[in-house]
Amino acid sequence: QVQLVESGGGSVQAGGSLRLSCAASGDSVTKLCMGWFRQAPEKEREGVAGITSVGGTSYAYSAQGRFTISKDNAKNTLYLEMNSLKPEDTGAYYCAAAAPPCGLASGTLQTRRTLSWGQGTQVTVSS
């Protein structure tokens, strides 16, 4: 089973940028469907961006045009580049992975398999 470790969170002002990383071990990101989820205080976890094993991507409406999900196969790492950050982007960000097949819907990774999760990294955007 793949193990995932997120990093790159922090505190930024509105309009700033962050790049989140999710280092994978135990399997290759090239083989996996992967996604980023976030959970704001007192809210349910929601999908932000997803990428299939063949590179197809999908974003939540709130993330379109501002966030970019990508894989670095050489580093076996998933990234989320976040620009023009807003206070409503605040939350704990988690990466998740599963073996294919999978689907993507509005940034949410969908699969019948059990997702592997990282421990999360906190993003705080101040106005």
# chains A, B, ... in the order shown; residues from 1 in each chain; ligands from 1
$ residues_around --residues "range 64-74 of chain A" --least-positions-apart "4" --cutoff "8 Å" --atoms "only C-alpha atoms" --output "short mmCIF file (atom, residue, chain, number, x, y, z; two decimals) with all heavy atoms, in the first residue's frame"
data_model
loop_
_atom_site.label_atom_id
_atom_site.label_comp_id
_atom_site.auth_asym_id
_atom_site.auth_seq_id
_atom_site.Cartn_x
_atom_site.Cartn_y
_atom_site.Cartn_z
N SER A 28 4.45 3.65 -7.35
CA SER A 28 4.83 4.74 -8.24
C SER A 28 3.64 5.62 -8.55
O SER A 28 2.55 5.14 -8.88
CB SER A 28 5.39 4.17 -9.55
OG SER A 28 5.59 5.19 -10.49
N VAL A 29 3.85 6.94 -8.48
CA VAL A 29 2.75 7.87 -8.79
C VAL A 29 2.29 7.72 -10.23
O VAL A 29 1.16 8.09 -10.56
CB VAL A 29 3.16 9.33 -8.51
CG1 VAL A 29 3.47 9.53 -7.02
CG2 VAL A 29 4.32 9.78 -9.38
N THR A 30 3.15 7.19 -11.09
CA THR A 30 2.75 7.01 -12.48
C THR A 30 1.62 6.01 -12.62
O THR A 30 0.87 6.05 -13.58
CB THR A 30 3.93 6.55 -13.34
OG1 THR A 30 4.42 5.31 -12.82
CG2 THR A 30 5.06 7.56 -13.32
N ALA A 49 -8.63 18.98 -6.39
CA ALA A 49 -8.06 18.66 -7.71
C ALA A 49 -7.70 17.19 -7.75
O ALA A 49 -7.34 16.60 -6.72
CB ALA A 49 -6.82 19.50 -7.98
N GLY A 50 -7.82 16.61 -8.92
CA GLY A 50 -7.48 15.20 -9.07
C GLY A 50 -6.75 14.97 -10.38
O GLY A 50 -6.85 15.76 -11.33
N ILE A 51 -6.00 13.87 -10.41
CA ILE A 51 -5.26 13.50 -11.63
C ILE A 51 -5.29 11.99 -11.76
O ILE A 51 -5.06 11.25 -10.80
CB ILE A 51 -3.82 14.05 -11.57
CG1 ILE A 51 -3.07 13.77 -12.87
CG2 ILE A 51 -3.05 13.52 -10.36
CD1 ILE A 51 -1.75 14.57 -12.98
N THR A 57 -6.82 15.59 -15.69
CA THR A 57 -6.97 16.39 -14.48
C THR A 57 -8.38 16.98 -14.37
O THR A 57 -9.10 17.13 -15.37
CB THR A 57 -5.96 17.55 -14.44
OG1 THR A 57 -6.15 18.39 -15.59
CG2 THR A 57 -4.53 17.02 -14.42
N TYR A 59 -10.61 19.93 -11.66
CA TYR A 59 -10.52 20.87 -10.56
C TYR A 59 -11.91 21.24 -10.06
O TYR A 59 -12.87 21.32 -10.83
CB TYR A 59 -9.81 22.16 -11.01
CG TYR A 59 -8.39 21.93 -11.46
CD1 TYR A 59 -8.09 21.62 -12.78
CD2 TYR A 59 -7.35 21.99 -10.54
CE1 TYR A 59 -6.79 21.39 -13.18
CE2 TYR A 59 -6.04 21.77 -10.93
CZ TYR A 59 -5.77 21.46 -12.25
OH TYR A 59 -4.47 21.23 -12.64
N ALA A 60 -11.98 21.50 -8.76
CA ALA A 60 -13.19 22.09 -8.23
C ALA A 60 -13.37 23.46 -8.85
O ALA A 60 -12.39 24.13 -9.22
CB ALA A 60 -13.08 22.20 -6.71
N LEU A 78 3.51 14.11 -5.86
CA LEU A 78 2.36 14.85 -6.37
C LEU A 78 2.45 16.28 -5.85
O LEU A 78 2.84 16.51 -4.70
CB LEU A 78 1.06 14.20 -5.87
CG LEU A 78 -0.24 14.88 -6.23
CD1 LEU A 78 -0.58 14.64 -7.70
CD2 LEU A 78 -1.37 14.40 -5.34
N TYR A 79 2.08 17.24 -6.70
CA TYR A 79 2.13 18.64 -6.31
C TYR A 79 0.76 19.30 -6.48
O TYR A 79 -0.07 18.87 -7.28
CB TYR A 79 3.14 19.41 -7.16
CG TYR A 79 4.56 18.96 -7.00
CD1 TYR A 79 5.17 18.17 -7.97
CD2 TYR A 79 5.29 19.32 -5.87
CE1 TYR A 79 6.48 17.75 -7.82
CE2 TYR A 79 6.60 18.90 -5.72
CZ TYR A 79 7.19 18.12 -6.69
OH TYR A 79 8.49 17.71 -6.53
N LEU A 80 0.57 20.37 -5.72
CA LEU A 80 -0.55 21.27 -5.94
C LEU A 80 0.00 22.68 -5.87
O LEU A 80 0.36 23.15 -4.79
CB LEU A 80 -1.67 21.07 -4.91
CG LEU A 80 -2.92 21.90 -5.17
CD1 LEU A 80 -3.62 21.44 -6.45
CD2 LEU A 80 -3.89 21.85 -3.99
N GLU A 81 0.08 23.33 -7.02
CA GLU A 81 0.51 24.72 -7.08
C GLU A 81 -0.72 25.58 -6.89
O GLU A 81 -1.70 25.46 -7.63
CB GLU A 81 1.15 25.00 -8.45
CG GLU A 81 1.75 26.39 -8.58
CD GLU A 81 3.09 26.52 -7.87
OE1 GLU A 81 3.85 25.53 -7.85
OE2 GLU A 81 3.36 27.60 -7.32
N MET A 82 -0.68 26.44 -5.88
CA MET A 82 -1.84 27.27 -5.55
C MET A 82 -1.46 28.74 -5.67
O MET A 82 -0.54 29.20 -4.97
CB MET A 82 -2.34 26.96 -4.14
CG MET A 82 -2.67 25.49 -3.92
SD MET A 82 -3.47 25.20 -2.33
CE MET A 82 -2.13 25.63 -1.22
N ASN A 83 -2.14 29.46 -6.54
CA ASN A 83 -1.89 30.88 -6.74
C ASN A 83 -3.15 31.69 -6.42
O ASN A 83 -4.24 31.13 -6.34
CB ASN A 83 -1.47 31.13 -8.19
CG ASN A 83 -0.19 30.43 -8.56
OD1 ASN A 83 0.80 30.50 -7.83
ND2 ASN A 83 -0.18 29.73 -9.69
N SER A 84 -2.96 32.99 -6.26
CA SER A 84 -4.09 33.89 -5.97
C SER A 84 -4.94 33.34 -4.83
O SER A 84 -6.17 33.27 -4.92
CB SER A 84 -4.95 34.08 -7.23
OG SER A 84 -4.18 34.59 -8.29
N LEU A 85 -4.29 32.97 -3.77
CA LEU A 85 -4.99 32.33 -2.65
C LEU A 85 -5.98 33.29 -1.99
O LEU A 85 -5.74 34.52 -1.92
CB LEU A 85 -3.98 31.81 -1.62
CG LEU A 85 -3.30 30.51 -2.03
CD1 LEU A 85 -2.03 30.28 -1.22
CD2 LEU A 85 -4.25 29.34 -1.88
#
$ residues_around --residues "Trp36 in chain A" --least-positions-apart "4" --cutoff "7 Å" --atoms "only C-alpha atoms" --output "list of chain:residue names"
A:Gly47, A:Val48, A:Ala49, A:Gly50, A:Tyr93, A:Tyr94, A:Cys95, A:Ala96
$ closest_residue --among "A:Ala105, A:Cys22, A:Val54, A:Ala40" --to "Leu4 in chain A" --atoms "only C-alpha atoms"
A:Cys22
$ residues_around --residues "Val12 in chain A" --least-positions-apart "6" --cutoff "10 Å" --atoms "only C-alpha atoms" --output "PyMOL selection string"
chain A and resi 18+85-87+90+123-127
$ closest_residue --among "A:Val2, A:Ala63, A:Ala92, A:Leu115" --to "Lys31 in chain A" --atoms "only C-alpha atoms"
A:Val2
$ atom_distance --atom1 "CA of Ser116 in chain A" --atom2 "CA of Thr52 in chain A"
14.8 Å
